[in-house]
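Undergrad: Contents of data26.cif (mmCIF, C-alpha atoms) are below:
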data_entry
loop_
_atom_site.label_atom_id
_atom_site.label_comp_id
_atom_site.auth_asym_id
_atom_site.auth_seq_id
_atom_site.Cartn_x
_atom_site.Cartn_y
_atom_site.Cartn_z
CA MET F 1 86.10 51.78 21.64
CA SER F 2 86.03 48.68 19.52
CA GLY F 3 84.60 45.27 20.02
CA ASP F 4 81.40 43.36 19.40
CA ARG F 5 78.91 44.70 21.90
CA SER F 6 76.24 42.19 20.83
CA THR F 7 78.09 39.33 22.44
CA PRO F 8 76.75 38.78 25.98
CA GLY F 9 79.25 38.59 28.77
CA PRO F 10 79.55 35.72 31.25
CA ALA F 11 77.21 37.39 33.72
CA ALA F 12 74.48 37.59 31.13
CA SER F 13 74.67 33.93 30.20
CA ILE F 14 71.94 31.75 31.60
CA ALA F 15 72.69 28.05 31.71
CA GLU F 16 69.85 25.90 30.51
CA PRO F 17 69.27 22.82 32.64
CA SER F 18 70.31 19.74 30.72
CA SER F 19 67.94 17.46 32.59
CA VAL F 20 65.28 17.43 35.29
CA PRO F 21 66.79 16.71 38.72
CA SER F 22 65.96 13.24 39.90
CA GLY F 23 66.87 11.00 42.76
CA GLU F 24 65.67 8.36 45.11
CA LEU F 25 62.23 8.94 46.62
CA ARG F 26 62.72 9.90 50.25
CA THR F 27 60.44 9.26 53.19
CA VAL F 28 59.62 12.26 55.36
CA VAL F 29 59.90 11.43 59.05
CA PHE F 30 58.65 13.65 61.87
CA HIS F 31 61.41 14.59 64.32
CA GLY F 32 60.90 16.31 67.62
CA THR F 33 57.13 15.84 67.51
CA ALA F 34 55.17 13.63 69.89
CA GLN F 35 53.55 10.83 67.94
CA ILE F 36 51.07 8.00 68.35
CA GLY F 37 51.45 5.19 65.87
CA GLY F 38 53.40 7.42 63.48
CA ALA F 39 50.88 10.28 63.57
CA PRO F 40 51.38 13.64 65.36
CA VAL F 41 49.53 13.87 68.66
CA ALA F 42 48.00 17.15 67.48
CA SER F 43 46.29 15.35 64.57
CA VAL F 44 44.99 12.68 66.92
CA ILE F 45 43.56 15.35 69.22
CA VAL F 46 41.83 17.15 66.33
CA LEU F 47 40.12 14.00 65.06
CA ALA F 48 39.21 12.92 68.59
CA SER F 49 37.48 16.29 68.96
CA VAL F 50 35.53 15.69 65.73
CA VAL F 51 34.38 12.30 67.01
CA ALA F 52 33.35 13.83 70.34
CA VAL F 53 31.31 16.56 68.63
CA LEU F 54 29.52 14.08 66.36
CA SER F 55 28.73 11.97 69.43
CA PHE F 56 26.09 14.54 70.35
CA ILE F 57 23.91 13.61 67.35
CA PRO F 58 21.77 10.46 67.89
CA PHE F 59 21.83 8.13 64.95
CA SER F 60 21.36 4.38 65.36
CA VAL F 61 18.37 2.65 66.92
CA ALA F 62 19.31 -0.97 66.29
CA LEU F 63 21.83 -2.95 68.35
CA SER F 64 21.94 -0.07 70.78
CA ALA F 65 22.04 -1.99 74.06
CA GLY F 66 19.26 0.18 75.43
CA ASN F 67 20.29 3.50 73.95
CA GLY F 68 21.01 5.31 70.69
CA PHE F 69 24.33 5.30 68.90
CA PRO F 70 25.83 8.56 67.62
CA MET F 71 26.44 9.92 64.14
CA ALA F 72 30.14 9.63 64.98
CA GLN F 73 29.92 6.01 63.85
CA GLY F 74 30.21 7.31 60.30
CA VAL F 75 33.72 8.72 60.89
CA TYR F 76 35.30 6.08 63.15
CA SER F 77 36.67 4.37 60.04
CA LEU F 78 37.87 7.65 58.53
CA THR F 79 40.34 8.17 61.36
CA GLY F 80 41.98 4.86 60.45
CA TRP F 81 42.64 6.02 56.89
CA LEU F 82 43.76 9.51 57.86
CA LEU F 83 46.06 8.53 60.73
CA GLY F 84 46.71 4.81 60.42
CA PRO F 85 45.20 1.98 62.47
CA TRP F 86 46.75 2.64 65.88
CA ALA F 87 46.56 6.43 65.88
CA GLY F 88 43.07 6.24 64.37
CA ALA F 89 41.95 3.80 67.05
CA THR F 90 43.27 6.17 69.70
CA ALA F 91 41.45 9.15 68.17
CA SER F 92 38.13 7.30 67.81
CA GLY F 93 38.40 5.67 71.23
CA VAL F 94 39.26 8.90 73.05
CA GLY F 95 36.63 10.86 71.13
CA SER F 96 33.92 8.33 71.94
CA LEU F 97 35.02 8.25 75.59
CA ILE F 98 34.65 12.03 75.78
CA GLY F 99 31.27 11.67 74.10
CA ILE F 100 30.12 9.25 76.78
CA PHE F 101 30.55 11.93 79.43
CA LEU F 102 29.33 14.91 77.40
CA ALA F 103 26.57 13.16 75.43
CA PRO F 104 25.28 10.26 77.57
CA HIS F 105 22.10 10.06 75.47
CA THR F 106 24.12 8.31 72.73
CA ALA F 107 26.51 6.40 74.97
CA GLY F 108 24.93 2.93 75.06
CA ILE F 109 27.05 0.54 77.13
CA PRO F 110 30.23 2.60 77.59
CA TRP F 111 32.87 -0.10 77.29
CA ILE F 112 31.21 -1.54 74.19
CA THR F 113 30.93 1.93 72.64
CA VAL F 114 34.59 2.84 73.21
CA GLY F 115 35.84 -0.58 72.15
CA GLY F 116 33.69 -0.51 69.04
CA ALA F 117 34.92 2.96 68.06
CA ALA F 118 38.55 1.89 68.37
CA SER F 119 37.93 -1.34 66.44
CA GLY F 120 36.28 0.56 63.59
CA ALA F 121 39.48 2.53 63.03
CA LEU F 122 41.63 -0.59 63.37
CA PHE F 123 39.64 -2.43 60.71
CA ALA F 124 39.76 0.59 58.40
CA GLY F 125 43.49 0.99 58.91
CA VAL F 126 44.19 -2.41 57.32
CA ILE F 127 41.70 -1.92 54.45
CA THR F 128 44.42 -0.67 52.10
CA ARG F 129 45.98 -1.58 48.78
CA GLN F 130 49.33 -2.14 50.46
CA ARG F 131 50.34 -5.32 52.24
CA THR F 132 51.17 -3.61 55.49
CA HIS F 133 50.32 -4.50 59.08
CA ARG F 134 50.09 -8.18 58.18
CA ARG F 135 50.15 -9.32 61.78
CA LEU F 136 47.40 -6.90 62.75
CA THR F 137 45.33 -7.95 59.73
CA GLY F 138 45.73 -11.61 60.65
CA LEU F 139 44.84 -10.93 64.27
CA LEU F 140 41.71 -8.98 63.30
CA ALA F 141 40.68 -11.78 60.93
CA VAL F 142 40.97 -14.31 63.75
CA VAL F 143 38.99 -12.05 66.09
CA ILE F 144 36.11 -11.60 63.64
CA VAL F 145 35.90 -15.34 62.93
CA LEU F 146 35.78 -16.04 66.67
CA GLU F 147 33.01 -13.45 67.04
CA VAL F 148 30.96 -15.21 64.37
CA VAL F 149 31.42 -18.57 66.08
CA ILE F 150 30.54 -17.21 69.53
CA PHE F 151 27.52 -15.25 68.27
CA VAL F 152 26.09 -18.16 66.26
CA ARG F 153 26.67 -20.61 69.08
CA HIS F 154 24.92 -18.45 71.66
CA ALA F 155 22.05 -17.29 69.46
CA VAL F 156 21.31 -20.39 67.38
CA PHE F 157 22.47 -23.32 69.48
CA THR F 158 21.85 -21.95 72.98
CA ASN F 159 18.84 -19.64 72.56
CA GLY F 160 17.23 -21.39 69.60
CA VAL F 161 17.19 -18.53 67.10
CA ARG F 162 16.43 -19.93 63.65
CA PRO F 163 19.56 -19.93 61.45
CA GLY F 164 17.69 -18.29 58.57
CA VAL F 165 16.49 -15.47 60.81
CA PHE F 166 20.00 -14.92 62.18
CA VAL F 167 21.54 -14.80 58.69
CA ALA F 168 18.83 -12.43 57.43
CA ALA F 169 19.37 -10.11 60.41
CA TYR F 170 23.13 -9.86 59.92
CA LEU F 171 23.49 -10.49 56.20
CA THR F 172 24.89 -6.99 55.70
CA HIS F 173 27.62 -7.61 58.25
CA LEU F 174 28.33 -11.17 57.10
CA ILE F 175 28.92 -9.98 53.52
CA ALA F 176 31.37 -7.39 54.86
CA ILE F 177 33.16 -10.08 56.87
CA VAL F 178 33.62 -12.24 53.77
CA GLY F 179 34.87 -9.21 51.84
CA PHE F 180 37.38 -8.42 54.58
CA LEU F 181 38.76 -11.95 54.60
CA LEU F 182 39.20 -11.84 50.80
CA PRO F 183 41.51 -9.49 48.81
CA THR F 184 38.51 -7.17 48.36
CA ARG F 185 39.89 -4.90 51.05
CA ARG F 186 42.96 -4.10 48.93
CA TRP F 187 40.77 -3.11 45.99
CA ILE F 188 38.80 -0.77 48.25
CA GLY F 189 42.05 0.62 49.63
CA GLY F 190 43.16 1.36 46.07
CA LEU F 191 40.00 3.39 45.50
CA ILE F 192 40.64 5.47 48.62
CA ALA F 193 44.22 6.19 47.52
CA SER F 194 43.14 7.15 43.99
CA PRO F 195 43.79 10.72 42.75
CA ASP F 196 40.24 10.73 41.34
CA LEU F 197 37.91 12.04 44.05
CA ARG F 198 34.98 10.14 42.59
CA ARG F 199 36.85 6.90 43.15
CA VAL F 200 37.83 8.14 46.61
CA ALA F 201 34.17 8.71 47.47
CA LEU F 202 33.24 5.23 46.25
CA GLY F 203 36.12 3.72 48.22
CA LEU F 204 35.11 5.57 51.37
CA PHE F 205 31.50 4.45 50.98
CA LEU F 206 32.45 0.78 50.54
CA GLY F 207 35.27 0.95 53.08
CA THR F 208 33.06 2.53 55.71
CA TRP F 209 30.43 -0.11 54.98
CA MET F 210 32.99 -2.86 55.55
CA ALA F 211 34.74 -1.43 58.62
CA ALA F 212 31.52 -0.29 60.29
CA SER F 213 29.94 -3.69 59.66
CA LEU F 214 32.84 -5.45 61.35
CA MET F 215 32.63 -2.98 64.22
CA MET F 216 28.86 -3.32 64.62
CA PHE F 217 28.92 -7.12 64.42
CA GLY F 218 31.35 -7.22 67.34
CA GLU F 219 29.24 -4.76 69.32
CA SER F 220 26.12 -6.78 68.56
CA MET F 221 27.74 -10.00 69.70
CA MET F 222 28.82 -8.48 73.01
CA GLY F 223 25.45 -6.78 73.51
CA TYR F 224 23.54 -10.00 72.84
CA LEU F 225 25.65 -11.95 75.32
CA ILE F 226 24.52 -9.44 77.95
CA LEU F 227 20.90 -8.71 76.96
CA ASN F 228 19.67 -11.80 75.04
CA TRP F 229 17.07 -9.80 73.14
CA PRO F 230 14.00 -11.68 71.82
CA ASP F 231 13.82 -13.34 68.41
CA GLU F 232 11.43 -10.68 67.12
CA LEU F 233 14.24 -8.13 67.16
CA PHE F 234 16.28 -10.23 64.75
CA VAL F 235 13.45 -9.87 62.23
CA PHE F 236 13.43 -6.11 62.82
CA PHE F 237 17.20 -5.93 62.33
CA ALA F 238 16.91 -7.59 58.92
CA GLY F 239 15.21 -4.46 57.61
CA ILE F 240 16.87 -1.71 59.62
CA ILE F 241 20.56 -2.72 59.55
CA PRO F 242 21.04 -2.25 55.76
CA LEU F 243 19.46 1.21 55.97
CA GLU F 244 21.65 2.21 58.88
CA GLN F 245 24.76 0.90 57.16
CA ALA F 246 23.91 2.88 54.04
CA ALA F 247 23.54 6.01 56.17
CA ARG F 248 26.85 5.40 57.98
CA SER F 249 28.60 4.84 54.67
CA GLY F 250 27.08 8.00 53.22
CA ILE F 251 28.30 10.01 56.20
CA GLY F 252 31.78 8.55 55.88
CA ALA F 253 31.91 9.17 52.13
CA VAL F 254 30.66 12.78 52.24
CA ILE F 255 32.76 13.91 55.21
CA GLY F 256 35.77 11.83 54.23
CA THR F 257 35.91 12.99 50.61
CA GLY F 258 35.78 16.62 51.68
CA VAL F 259 38.48 16.16 54.31
CA ILE F 260 40.80 14.22 51.99
CA ALA F 261 40.35 16.75 49.19
CA GLY F 262 41.25 19.54 51.60
CA LEU F 263 44.31 17.72 52.98
CA ARG F 264 45.60 16.96 49.49
CA SER F 265 45.19 20.56 48.35
CA MET F 266 47.22 21.78 51.33
CA SER F 267 50.05 19.34 50.53
CA LEU F 268 50.50 18.45 54.18
CA VAL F 269 52.91 15.71 55.17
CA LYS F 270 50.92 12.56 55.75
CA PRO F 271 51.24 10.52 58.94
CA ARG F 272 53.36 7.43 58.41
CA ASP F 273 50.44 5.00 58.04
CA ALA F 274 47.92 7.32 56.35
CA ARG F 275 46.29 5.69 53.33
CA TYR F 276 44.60 8.55 51.48
#
Transcribe the structure of this file into structure tokens.

TA:
Amino acid sequence: MSGDRSTPGPAASIAEPSSVPSGELRTVVFHGTAQIGGAPVASVIVLASVVAVLSFIPFSVALSAGNGFPMAQGVYSLTGWLLGPWAGATASGVGSLIGIFLAPHTAGIPWITVGGAASGALFAGVITRQRTHRRLTGLLAVVIVLEVVIFVRHAVFTNGVRPGVFVAAYLTHLIAIVGFLLPTRRWIGGLIASPDLRRVALGLFLGTWMAASLMMFGESMMGYLILNWPDELFVFFAGIIPLEQAARSGIGAVIGTGVIAGLRSMSLVKPRDARY
């Protein structure tokens, strides 16, 4: 037989790709799955369970309306970044509601506790680098300004608390309020969305500080309207609130960084409004 046997036949030829396939970035949408605010119900249930479990651990002593607040306060905000504001609020609210029944020693005033848990996730859900949920952000800004006005009016002008004492007691929260009203929240949101886990941890610490401060200020305002605690407690709060906020933020940063690192490594599809 004759012929050049060194020449490969058509079957042996392997076409080299001329270019890397590219196309328009597509958005993955869940179909056939029950959702809350763009997040699967299963994810909401899992995070609600985490909140309920952490509700067993007493944590806060200040602003407690007669009882202790749970360690779960450190992860209320995290649900807002993992699921989005509405799904996160549902997870935190349901989890804290379950905690009220299973762990009454950390319940406080139930309706304040559940409302505060949901608000913590709502505030966190709009602390992002993206200009999303503008109406919700505007509404929350109006709510927090009204809370400041109502609290100051009742404490300073009605009950005679000295303005300096009031500011010292809630300076931690007031700084967070100013930061929320300014573009600071988008910078913090950028840290949380960063691929660098060290920046993520810093973002979660600062973001939890901000969201938890907004949550706690609202709870404090409602608690004070009911209890009218004495002026001496305001002096006590000036020292204890920064320490408690640092602890909440540490909890949120440690747990949150671990959870986000794990979710990213598994390459799971994010809920629609997730911001990690």

Undergrad: Could you name the residues that touch Phe123 (chain F) at 9 Å or less, counting all atoms listed in the file, but leaving out those on the same chain fewer than 3 positions away, as a VMD selection string?

TA: chain F and resid 77 80 85 118 to 120 126 to 127 137 140 180 210 to 212 214 to 215

Undergrad: Keeping only C-alpha atoms, write the selected residues to a file as an mmCIF file, in the coordinates of the input.

TA:
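The resulting out.cif:
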data_model
loop_
_atom_site.group_PDB
_atom_site.id
_atom_site.type_symbol
_atom_site.label_atom_id
_atom_site.label_comp_id
_atom_site.auth_asym_id
_atom_site.auth_seq_id
_atom_site.Cartn_x
_atom_site.Cartn_y
_atom_site.Cartn_z
ATOM 1 C CA SER F 77 36.670 4.370 60.040
ATOM 2 C CA GLY F 80 41.980 4.860 60.450
ATOM 3 C CA PRO F 85 45.200 1.980 62.470
ATOM 4 C CA ALA F 118 38.550 1.890 68.370
ATOM 5 C CA SER F 119 37.930 -1.340 66.440
ATOM 6 C CA GLY F 120 36.280 0.560 63.590
ATOM 7 C CA VAL F 126 44.190 -2.410 57.320
ATOM 8 C CA ILE F 127 41.700 -1.920 54.450
ATOM 9 C CA THR F 137 45.330 -7.950 59.730
ATOM 10 C CA LEU F 140 41.710 -8.980 63.300
ATOM 11 C CA PHE F 180 37.380 -8.420 54.580
ATOM 12 C CA MET F 210 32.990 -2.860 55.550
ATOM 13 C CA ALA F 211 34.740 -1.430 58.620
ATOM 14 C CA ALA F 212 31.520 -0.290 60.290
ATOM 15 C CA LEU F 214 32.840 -5.450 61.350
ATOM 16 C CA MET F 215 32.630 -2.980 64.220
#

Undergrad: For the structure shown, which residues end up in the PyMOL selection byres ((chain F and resi 128) around 7)? Put them as a list in words, please?

TA: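 This file gives the following for the PyMOL selection byres ((chain F and resi 128) around 7): Val126, Ile127, Arg129, Gln130, Arg185, Arg186, Ile188, Gly189, Gly190 and Arg275 of chain F.
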
Undergrad: Here's the selection I'm unsure about, the PyMOL selection byres ((chain F and resi 248) around 10); applied to the file above, which residues does it give, as an mmCIF file with C-alpha atoms, keeping the file's coordinate frame?

TA:
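Output file selection.cif follows:
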data_model
loop_
_atom_site.group_PDB
_atom_site.id
_atom_site.type_symbol
_atom_site.label_atom_id
_atom_site.label_comp_id
_atom_site.auth_asym_id
_atom_site.auth_seq_id
_atom_site.Cartn_x
_atom_site.Cartn_y
_atom_site.Cartn_z
ATOM 1 C CA PHE F 59 21.830 8.130 64.950
ATOM 2 C CA SER F 60 21.360 4.380 65.360
ATOM 3 C CA MET F 71 26.440 9.920 64.140
ATOM 4 C CA ALA F 72 30.140 9.630 64.980
ATOM 5 C CA GLN F 73 29.920 6.010 63.850
ATOM 6 C CA GLY F 74 30.210 7.310 60.300
ATOM 7 C CA VAL F 75 33.720 8.720 60.890
ATOM 8 C CA TYR F 76 35.300 6.080 63.150
ATOM 9 C CA PHE F 205 31.500 4.450 50.980
ATOM 10 C CA THR F 208 33.060 2.530 55.710
ATOM 11 C CA TRP F 209 30.430 -0.110 54.980
ATOM 12 C CA ALA F 212 31.520 -0.290 60.290
ATOM 13 C CA SER F 213 29.940 -3.690 59.660
ATOM 14 C CA PRO F 242 21.040 -2.250 55.760
ATOM 15 C CA LEU F 243 19.460 1.210 55.970
ATOM 16 C CA GLU F 244 21.650 2.210 58.880
ATOM 17 C CA GLN F 245 24.760 0.900 57.160
ATOM 18 C CA ALA F 246 23.910 2.880 54.040
ATOM 19 C CA ALA F 247 23.540 6.010 56.170
ATOM 20 C CA SER F 249 28.600 4.840 54.670
ATOM 21 C CA GLY F 250 27.080 8.000 53.220
ATOM 22 C CA ILE F 251 28.300 10.010 56.200
ATOM 23 C CA GLY F 252 31.780 8.550 55.880
ATOM 24 C CA ALA F 253 31.910 9.170 52.130
#

Undergrad: Rounded to one decimal place, report the CA of Val145 (chain F)-CA of Leu97 (chain F) distance in Å.

TA: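 Atom-to-atom, CA of Val145 (chain F) and CA of Leu97 (chain F) are spaced 26.8 Å apart.
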
Undergrad: So the first atom is CA of Thr158 (chain F) and the second is CA of Met216 (chain F); what is the distance between them in Å, to one decimal place?

TA: 21.6 Å

Undergrad: What is the CA of Asp273 (chain F)-CA of Leu83 (chain F) distance in Å, reported with one decimal?

TA: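 Going from CA of Asp273 (chain F) over to CA of Leu83 (chain F) covers 6.2 Å.
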
Undergrad: Report as a VMD selection string the full result of the PyMOL selection byres ((chain F and resi 86-88) around 12) when it is applied to this structure.

TA: chain F and resid 34 to 48 51 75 to 85 89 to 95 117 to 126 133 136 271 to 275

Undergrad: Given only C-alpha atoms as the basis, pick out the residue of F:Ala168, F:Met221, F:Val148, F:Val142 nearest to Phe236 (chain F).

TA: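 Nearest to Phe236 (chain F): F:Ala168.
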
Undergrad: Restricting the calculation to only C-alpha atoms, which member of F:Leu171, F:Ile255, F:Ala261, F:Leu139 is positioned closest to Leu54 (chain F)?

TA: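 Residue with the minimum atom-to-atom distance to Leu54 (chain F): F:Ile255.
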
Undergrad: Identify which of the residues F:Leu197, F:Tyr170, F:Tyr224, F:Arg264 lies closest to Phe237 (chain F), counting all atoms listed in the file when measuring atom-to-atom distances.

TA: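 Nearest to Phe237 (chain F): F:Tyr170.
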
Undergrad: Centre and edge lengths, as JSON, for the axis-aligned box enclosing every listed atom of region 202-214 of chain F with 6 Å of padding on each of the six sides, in Å to one decimal?

TA:
{"center_x": 33.0, "center_y": 0.1, "center_z": 53.8, "size_x": 18.2, "size_y": 23.0, "size_z": 27.1}

Undergrad: Of the residues F:Phe56, F:Phe217, F:Phe234, F:Trp229, which is the one nearest to Leu146 (chain F), using all atoms listed in the file?

TA: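 Checking each candidate against Leu146 (chain F), we get F:Phe217 as the closest.
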
Undergrad: With all atoms listed in the file as the basis for distance, which of F:Asn228, F:Ser220, F:Thr184, F:Thr106 is at the shortest distance from Ser55 (chain F)?

TA: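 With all atoms listed in the file as the atom set, the closest residue is F:Thr106.
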
Undergrad: Around the point (15.0, -15.3, 59.2) (coordinates from the file), which residues reach within 12 Å if we count all atoms listed in the file? Answer as a compact mmCIF listing (two decimals) with C-alpha atoms, in the frame of the given file.

TA:
# COMPACT_ATOMS: atom_id res chain seq x y z
CA VAL F 156 21.31 -20.39 67.38
CA VAL F 161 17.19 -18.53 67.10
CA ARG F 162 16.43 -19.93 63.65
CA PRO F 163 19.56 -19.93 61.45
CA GLY F 164 17.69 -18.29 58.57
CA VAL F 165 16.49 -15.47 60.81
CA PHE F 166 20.00 -14.92 62.18
CA VAL F 167 21.54 -14.80 58.69
CA ALA F 168 18.83 -12.43 57.43
CA ALA F 169 19.37 -10.11 60.41
CA TYR F 170 23.13 -9.86 59.92
CA LEU F 171 23.49 -10.49 56.20
CA ASP F 231 13.82 -13.34 68.41
CA GLU F 232 11.43 -10.68 67.12
CA LEU F 233 14.24 -8.13 67.16
CA PHE F 234 16.28 -10.23 64.75
CA VAL F 235 13.45 -9.87 62.23
CA PHE F 236 13.43 -6.11 62.82
CA PHE F 237 17.20 -5.93 62.33
CA ALA F 238 16.91 -7.59 58.92
CA GLY F 239 15.21 -4.46 57.61

Undergrad: Which of these, F:Val152, F:Arg131, F:Ile175, F:Ile144, has the shortest distance to Trp187 (chain F) once you count all atoms listed in the file?

TA: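 For Trp187 (chain F), the nearest of the candidates is F:Arg131.
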
Undergrad: How would region 225-237 of chain F look with N, CA, C and O atoms restored, written as an mmCIF file, keeping the file's coordinate frame?

TA:
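Output contents, as saved in out-v9.cif:
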data_model
loop_
_atom_site.group_PDB
_atom_site.id
_atom_site.type_symbol
_atom_site.label_atom_id
_atom_site.label_comp_id
_atom_site.auth_asym_id
_atom_site.auth_seq_id
_atom_site.Cartn_x
_atom_site.Cartn_y
_atom_site.Cartn_z
ATOM 1 N N LEU F 225 25.215 -11.107 74.204
ATOM 2 C CA LEU F 225 25.650 -11.950 75.320
ATOM 3 C C LEU F 225 25.158 -11.395 76.656
ATOM 4 O O LEU F 225 24.945 -12.143 77.615
ATOM 5 N N ILE F 226 24.966 -10.070 76.715
ATOM 6 C CA ILE F 226 24.520 -9.440 77.950
ATOM 7 C C ILE F 226 22.990 -9.395 78.032
ATOM 8 O O ILE F 226 22.400 -9.718 79.063
ATOM 9 N N LEU F 227 22.337 -9.019 76.923
ATOM 10 C CA LEU F 227 20.900 -8.710 76.960
ATOM 11 C C LEU F 227 20.001 -9.847 76.485
ATOM 12 O O LEU F 227 18.836 -9.913 76.883
ATOM 13 N N ASN F 228 20.495 -10.706 75.581
ATOM 14 C CA ASN F 228 19.670 -11.800 75.040
ATOM 15 C C ASN F 228 18.307 -11.303 74.569
ATOM 16 O O ASN F 228 17.255 -11.720 75.039
ATOM 17 N N TRP F 229 18.332 -10.365 73.605
ATOM 18 C CA TRP F 229 17.070 -9.800 73.140
ATOM 19 C C TRP F 229 16.218 -10.863 72.440
ATOM 20 O O TRP F 229 16.744 -11.866 71.935
ATOM 21 N N PRO F 230 14.907 -10.670 72.380
ATOM 22 C CA PRO F 230 14.000 -11.680 71.820
ATOM 23 C C PRO F 230 14.170 -11.873 70.320
ATOM 24 O O PRO F 230 14.712 -11.003 69.625
ATOM 25 N N ASP F 231 13.669 -13.004 69.830
ATOM 26 C CA ASP F 231 13.820 -13.340 68.410
ATOM 27 C C ASP F 231 13.191 -12.295 67.502
ATOM 28 O O ASP F 231 13.653 -12.077 66.376
ATOM 29 N N GLU F 232 12.125 -11.660 67.965
ATOM 30 C CA GLU F 232 11.430 -10.680 67.120
ATOM 31 C C GLU F 232 12.361 -9.543 66.689
ATOM 32 O O GLU F 232 12.183 -8.967 65.604
ATOM 33 N N LEU F 233 13.331 -9.209 67.527
ATOM 34 C CA LEU F 233 14.240 -8.130 67.160
ATOM 35 C C LEU F 233 15.147 -8.519 65.997
ATOM 36 O O LEU F 233 15.564 -7.661 65.213
ATOM 37 N N PHE F 234 15.456 -9.805 65.875
ATOM 38 C CA PHE F 234 16.280 -10.230 64.750
ATOM 39 C C PHE F 234 15.551 -9.942 63.430
ATOM 40 O O PHE F 234 16.171 -9.548 62.437
ATOM 41 N N VAL F 235 14.243 -10.172 63.429
ATOM 42 C CA VAL F 235 13.450 -9.870 62.230
ATOM 43 C C VAL F 235 13.472 -8.378 61.943
ATOM 44 O O VAL F 235 13.606 -7.939 60.786
ATOM 45 N N PHE F 236 13.367 -7.566 62.985
ATOM 46 C CA PHE F 236 13.430 -6.110 62.820
ATOM 47 C C PHE F 236 14.784 -5.684 62.272
ATOM 48 O O PHE F 236 14.869 -4.829 61.381
ATOM 49 N N PHE F 237 15.855 -6.296 62.778
ATOM 50 C CA PHE F 237 17.200 -5.930 62.330
ATOM 51 C C PHE F 237 17.409 -6.221 60.846
ATOM 52 O O PHE F 237 18.180 -5.534 60.179
#
